[in-house]
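Peer 1: Next up is a structure, given as structure tokens.
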Amino acid sequence: MNFEKFSKNALWFFTVLSLLATALVSRDLLFPFITTKAFFFRVCLELAMPFYVYLVLSRKNYRPSLKNPVNLLLLAFLLINVVSSLIGVNVTKSLWGNFERMGGAYYLAHLALLYFYVVLLGQIGGRYMQNFLKALLAVSALITLNGISGMLGGPILVMDHSLPTRASSTLGNPIFFASFLIIPLFVSVFFVSQSQSKSEKFFYGFLALLQLVGIFQSGTRGAVVGLALGVFVSAVVYVVLSPVKKVRIYGSMAVEVFAAIVILLFTFHEKLPEGTTLRRVFNLRDSNTNSRLIQWRIAFTGIKDYPIFGTGPENYYLVGNKYYDNELYKYDRSWFDKPHNFLLEILVTTGILGFAAYFGILVSIVWILWRAYRKELLTLFEFCGFLAATLAYQIQNIFVFDTIPASLMFYAFLGFVGFLHFENNLGQAKVPKILAGSQNYVLPQGFTFSASALGLVLAIYLVVVTNYFPARASKNVNYGYAYASIDPKVAANHFKTATSLPFIFDFAEIGAKFTDFATSLVRSPLAKSAPKFVDEQLKAAMDFQLKTLEKAPNDPIVLQKLSSLYLFNSVFYKTPISPEAFEYAQDAINLAPKRTEARLMLAQLRLYQGYAGEAVKLVEEAINLDPTNMDTKWQLALVYHDAGQEENSVKLAEKLLSEGYKPNEQIDLTWLVSFYVKQNNQEKSISLAKKNLELRPKNLNAAALLYKVFLNFGQKEQGEQLLEAFKKFQPARWTELEKLINPPPQPAL
């Protein structure tokens with residue numbers, strides 16, 4: 001019995017501890033707002049596993065009930081996700097997810113564990129459930145106060161990059177912050193109803209108000225729409241079901257007024273103060289809304305390709321790329337791996353079967369809540385509050401994809417609903433406070449310590465293999481990328497560690513970062529000073545990127561990176577480009593026919609081969625797909641220059657600069673400066689040479705070019721001032737610059 005009590009407390013402790021994941025951020029990890037939370041959450045639930053195994057085997061009434069529809073449908077949803085993963089288009093990504101999202105079937109299995117843990121906490125005693133929900137509110141209060149404090153200019157736990165206009169607290173994105181707060185908001189309202197004293201009611205009411213302020217300060221329209229519709233529907237239900245005539249009369253009037261206010265705010269949002277959160281929240285006629293509508297249309301188009309089991313979890317990218325609508329370039333040029341509609345994402349990635357199982361879970365929630373109300377386990381107010389929570393959360397999910405913090409809250413709430421089903425079946429009606437005490441049962445012992453020990457061994461194995469090693473990989477890739485321009489040899493060691501670990505699941509992200517690092521070395525001084533080192537990194541990156549291709553042969557980004565790697569290999573080794581480079585670039589085009597990136601990659605390959613005319617056609621095709629992209633137009637100007645079409649090149653460059661185009665910091669303007677020097681245009685030559693140095697302040701060639709332009713137009717004094725400034729700020733590199741401006745005489749033949 002002592003070990004049983006210890007197991008109960010341990011299960012409660014680790015389950016509560018998992019909720020703290022929402023507040024944690026480690027800058028050491030890649031995508032720190034995502035990976036930190038996911039790894040911590042998974043470890044907590046895995047460590048709780050042996051105690052859960054002990055409890056469900058020790059007493060029959062602790063075991064999940066097959067009469068609970070949520071139990072069955074959640075297990076069915078998980079099974080469909082696993083099957084969909086195994087027969088889908090990218091098995092590794094479907095099962096394990098990636099660093100940026102940390103989703104997949106494995107993550108869903110942990111959410112299912114959270115659900116069953118919470119249900120068991122309720123079954124072993126109402127106090128455990130009560131304290132769990134209080135802990136959930138404590139964590140949400142911490143994150144809410146942190147977000148509000150940041151908005152007010154106060155202390156915050158981590159840097160909030162959404163400030164000062166919006167709040168995201170510890171979640172890294174204002175949308176994540178808002179969706180996370182929806183469930184705790186209604187749990188707080190529930191505790192207002194359950195509390196006995198006025199002080200407790202005031203406390204939980206104030207907490208609910210803070211959470212509502214947090215949602216508003218996030219500036220997330222989807223959450224506001226979800227709350228408005230959820231509260232409206234629930235209020236209608238409350239008014240209809242209320243036995244009090246006055247409540248029905250005045251409640252109907254209040255609901256009508258609420259609906260009218262909300263409709264007016266959305267309709268006349270342009271009348272609201274400019275630049276305020278209030279105006280942003282009630283504005284549904286902007287580029288972001290238009291972008292969402294296009295993304296949903298793309299997703300609907302792709303359903304027919306994989307109707308039964310879908311593409312596999314986390315594999316929306318295949319549909320998103322295949323049916324990409326280049327109209328999206330007007331709003332967002334990102335690669336989309338989510339349709340920004342969670343329900344639609346389930347339909348695309350797990351098919352009709354997965355969607356049916358998930359929709360069945362939602363229906364079961366409403367049915368269980370209704371039964372709890374009918375059995376008087378919930379008051380009408382509490383029933384309508386939880387109905388509003390369910391509706392609000394799912395409605396806002398129409399506008400976003402599910403995230404780790406939000407899904408933790410939803411599955412914790414789902415566990416509470418599962419506990420309500422348990423309470424419904426006890427046959428005890430008229431229980432006024434379902435959280436007031438515990439239910440005691442004398443159950444037969446059906447337990448062996450060996451099963452618990454086996455659970456402990458499995459838990460430790462999962463912690464090490466599926467969390468520790470991937471976390472190390474994430475950290476080393478992050479450090480490798482950070483050190484790439486500071487100390488390439490340190491960066492190389494980090495990449496070597498990351499790619500040699502025994503269990504890594506995100507090959508695409510690691511391969512992309514490693515490829516970027518290796519190709520950057522070709523353009524660095526190390527290409528001449530340490531060619532062996534550069535050679536080693538290029539070969540290592542190539543080996544890893546080919547392994548990545550085996551895992552994701554249908555990912556255009558992987559193909560494009562590999563094609564780029566072949567190009568830089570040819571540049572470094574001064575060899576013809578491998579035919580595979582062209583095949584991979586063309587494959588990427590075929591997978592994403594309306595995206596521009598692979599075409600631009602193929603243009604670079606053709607340009608390297610000397611086929612400038614073909615390169616021009618490819619870049620022009622890219623511009624036709626994305627006519628507003630000034631970076632691509634600038635690239636066309638460069639290709640014109642390389643093709644010998646100097647007039648077209650300069651004309652396009654002048655047009656872009658006159659329209660306010662600002663070249664990025666890697667752009668070399670030497671060719672344009674040289675043209676104006678030949679034209680003897682002093683003003684433009686000097687202006688562009690200065691701009692060239694501003695864009696690349698550490699580039700010796702840019703400094704040497706400006707000096708020579710000064711001398712060419714007789715401005716020796718300005719040239720000397722430039723050299724003096726260089727000596728002062730970069731004395732260690734003065735000798736190198738001196739060689740560029742005063743090259744040693746060549747020996748006579």
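As shown in the structure tokens, the chain order sets the letters A, B, ...; within each chain, residues go from 1, and ligands are also counted from 1 in the order they appear.
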Find the spatial neighbours of A:His110, counting only C-alpha atoms, within a cut-off of 9 Å - ignore same-chain residues fewer than 5 positions away - and output them as an mmCIF file with C-alpha atoms, in the first residue's frame.
Peer 2:
```
data_model
loop_
_atom_site.group_PDB
_atom_site.id
_atom_site.type_symbol
_atom_site.label_atom_id
_atom_site.label_comp_id
_atom_site.auth_asym_id
_atom_site.auth_seq_id
_atom_site.Cartn_x
_atom_site.Cartn_y
_atom_site.Cartn_z
ATOM 1 C CA PHE A 41 7.221 17.185 -21.884
ATOM 2 C CA ARG A 42 8.110 13.799 -23.347
ATOM 3 C CA LEU A 45 5.547 11.491 -19.298
ATOM 4 C CA GLU A 46 8.041 8.713 -19.963
ATOM 5 C CA ALA A 105 2.809 9.986 -34.251
ATOM 6 C CA TYR A 115 -4.892 11.996 -21.352
#
```
Peer 1: Find the spatial neighbours of A:Leu29, counting only C-alpha atoms, within a cut-off of 10 Å - ignore same-chain residues fewer than 4 positions away - and output them as a ChimeraX atom specification.
Peer 2: /A:25,33-36,99,471-479
Peer 1: Considering only C-alpha atoms, return as a ChimeraX atom specification whatever protein or nucleic-acid residues lie within 9 Å of stretch 591-594 of chain A, sequence-local ones (same chain, fewer than 2 positions apart) excluded.
Peer 2: /A:318,320-326,554-556,586-589,596,598,622,625
Peer 1: DSSP on the backbone, helix (DSSP H, G or I) only: what residues of stretch 476-693 of chain A does that give? Format it as a PyMOL selection string.
Peer 2: chain A and resi 476-483+488-500+507-522+526-529+531-551+556-573+579-591+597-609+612-625+630-642+646-658+670-678+682-693
Peer 1: What lies within 9 Å of A:Ser94 using only C-alpha atoms, ignoring chain neighbours under 5 positions off, as number ranges by chain?
Peer 2: A: 81-82, 84-86, 88-89, 103-106, 311-315
Peer 1: Just want the 9 Å neighbourhood of stretch 647-656 of chain A, counted on only C-alpha atoms, with same-chain residues fewer than 3 positions away dropped. Output as a VMD selection string.
Peer 2: chain A and resid 630 633 to 634 636 to 642 644 659 to 662 672 675
Peer 1: Could you take the residues named above and write them with N, CA and C atoms, as a compact mmCIF listing (two decimals), in the first residue's frame?
Peer 2:
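Here's the written file again.txt:
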```
# COMPACT_ATOMS: atom_id res chain seq x y z
N MET A 630 11.58 41.69 -55.83
CA MET A 630 12.66 42.52 -56.36
C MET A 630 14.01 41.83 -56.28
N LYS A 633 14.33 39.94 -59.43
CA LYS A 633 14.60 40.87 -60.53
C LYS A 633 16.06 41.33 -60.52
N TRP A 634 16.59 41.52 -59.32
CA TRP A 634 18.00 41.89 -59.24
C TRP A 634 18.88 40.75 -59.74
N LEU A 636 18.04 38.71 -62.02
CA LEU A 636 17.95 38.75 -63.48
C LEU A 636 18.92 39.78 -64.05
N ALA A 637 19.05 40.91 -63.36
CA ALA A 637 20.02 41.92 -63.80
C ALA A 637 21.43 41.35 -63.81
N LEU A 638 21.77 40.56 -62.80
CA LEU A 638 23.10 39.93 -62.74
C LEU A 638 23.28 38.91 -63.85
N VAL A 639 22.22 38.16 -64.12
CA VAL A 639 22.30 37.16 -65.20
C VAL A 639 22.42 37.85 -66.55
N TYR A 640 21.69 38.95 -66.73
CA TYR A 640 21.85 39.75 -67.96
C TYR A 640 23.31 40.17 -68.12
N HIS A 641 23.90 40.60 -67.02
CA HIS A 641 25.30 41.04 -67.05
C HIS A 641 26.22 39.89 -67.46
N ASP A 642 26.01 38.72 -66.84
CA ASP A 642 26.85 37.57 -67.17
C ASP A 642 26.61 37.09 -68.60
N GLY A 644 26.21 39.02 -71.07
CA GLY A 644 26.73 40.03 -71.98
C GLY A 644 25.69 41.05 -72.41
N GLU A 659 13.37 52.48 -57.58
CA GLU A 659 12.12 52.09 -56.91
C GLU A 659 12.32 51.82 -55.42
N GLY A 660 13.57 52.03 -54.97
CA GLY A 660 13.84 51.87 -53.53
C GLY A 660 14.36 50.51 -53.14
N TYR A 661 14.78 49.71 -54.13
CA TYR A 661 15.30 48.38 -53.80
C TYR A 661 16.59 48.51 -52.99
N LYS A 662 16.66 47.73 -51.90
CA LYS A 662 17.85 47.73 -51.05
C LYS A 662 18.50 46.35 -51.12
N LEU A 672 28.36 47.00 -61.41
CA LEU A 672 27.63 48.22 -61.71
C LEU A 672 28.53 49.45 -61.52
N PHE A 675 30.73 49.77 -64.55
CA PHE A 675 30.01 50.32 -65.70
C PHE A 675 30.00 51.85 -65.64
```
Peer 1: Identify which of the residues A:Tyr481, A:Tyr117, A:Phe177, A:Phe710 lies closest to A:Pro405, counting only C-alpha atoms when measuring atom-to-atom distances.
Peer 2: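 The shortest atom-to-atom distance to A:Pro405 comes from A:Phe177.
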Peer 1: Show which residues sit within 7 Å of A:Val119, as a ChimeraX atom specification. Count only C-alpha atoms, and ignore same-chain residues fewer than 6 positions away.
Peer 2: /A:415-416,418-419
Peer 1: Selected residues, C-alpha atoms, written as an mmCIF file, in the first residue's frame, please.
Peer 2:
```
data_model
loop_
_atom_site.group_PDB
_atom_site.id
_atom_site.type_symbol
_atom_site.label_atom_id
_atom_site.label_comp_id
_atom_site.auth_asym_id
_atom_site.auth_seq_id
_atom_site.Cartn_x
_atom_site.Cartn_y
_atom_site.Cartn_z
ATOM 1 C CA GLY A 415 -8.457 13.886 -19.532
ATOM 2 C CA PHE A 416 -10.797 15.788 -17.230
ATOM 3 C CA GLY A 418 -12.637 11.308 -19.476
ATOM 4 C CA PHE A 419 -12.784 11.512 -15.676
#
```
Peer 1: Kindly give the distance, in Å, that separates atom CA of A:Tyr250 and atom CA of A:Val262, rounded to a single decimal.
Peer 2: 18.4 Å
Peer 1: Give me the residues within 6 Å of stretch 335-340 of chain A as JSON, numbers by chain, counting only C-alpha atoms and dropping any in the same chain fewer than 6 places off.
Peer 2: {"A": [295, 316, 317, 399, 400, 401]}
Peer 1: Determine the nearest neighbour of A:Leu137 from the options A:Phe176, A:Trp96, A:Leu19, A:Arg371, counting only C-alpha atoms.
Peer 2: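 That would be A:Leu19, the residue with the smallest distance to A:Leu137.
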Peer 1: Check the smallest atom-to-atom distance from each of A:Glu621, A:Ala112, A:Gln394, A:Lys67 to A:Ala223 using only C-alpha atoms, then report the winner.
Peer 2: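 Distance minimum relative to A:Ala223 lands on A:Gln394.
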Peer 1: Under the rule that only C-alpha atoms are counted, which of A:Pro531, A:Cys384, A:Asn146, A:Leu30 is the nearest residue to A:Val236?
Peer 2: A:Cys384
Peer 1: What is the atom CA of A:Lys539-atom CA of A:Lys93 distance in Å, reported with one decimal?
Peer 2: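 The value is 25.0 Å.
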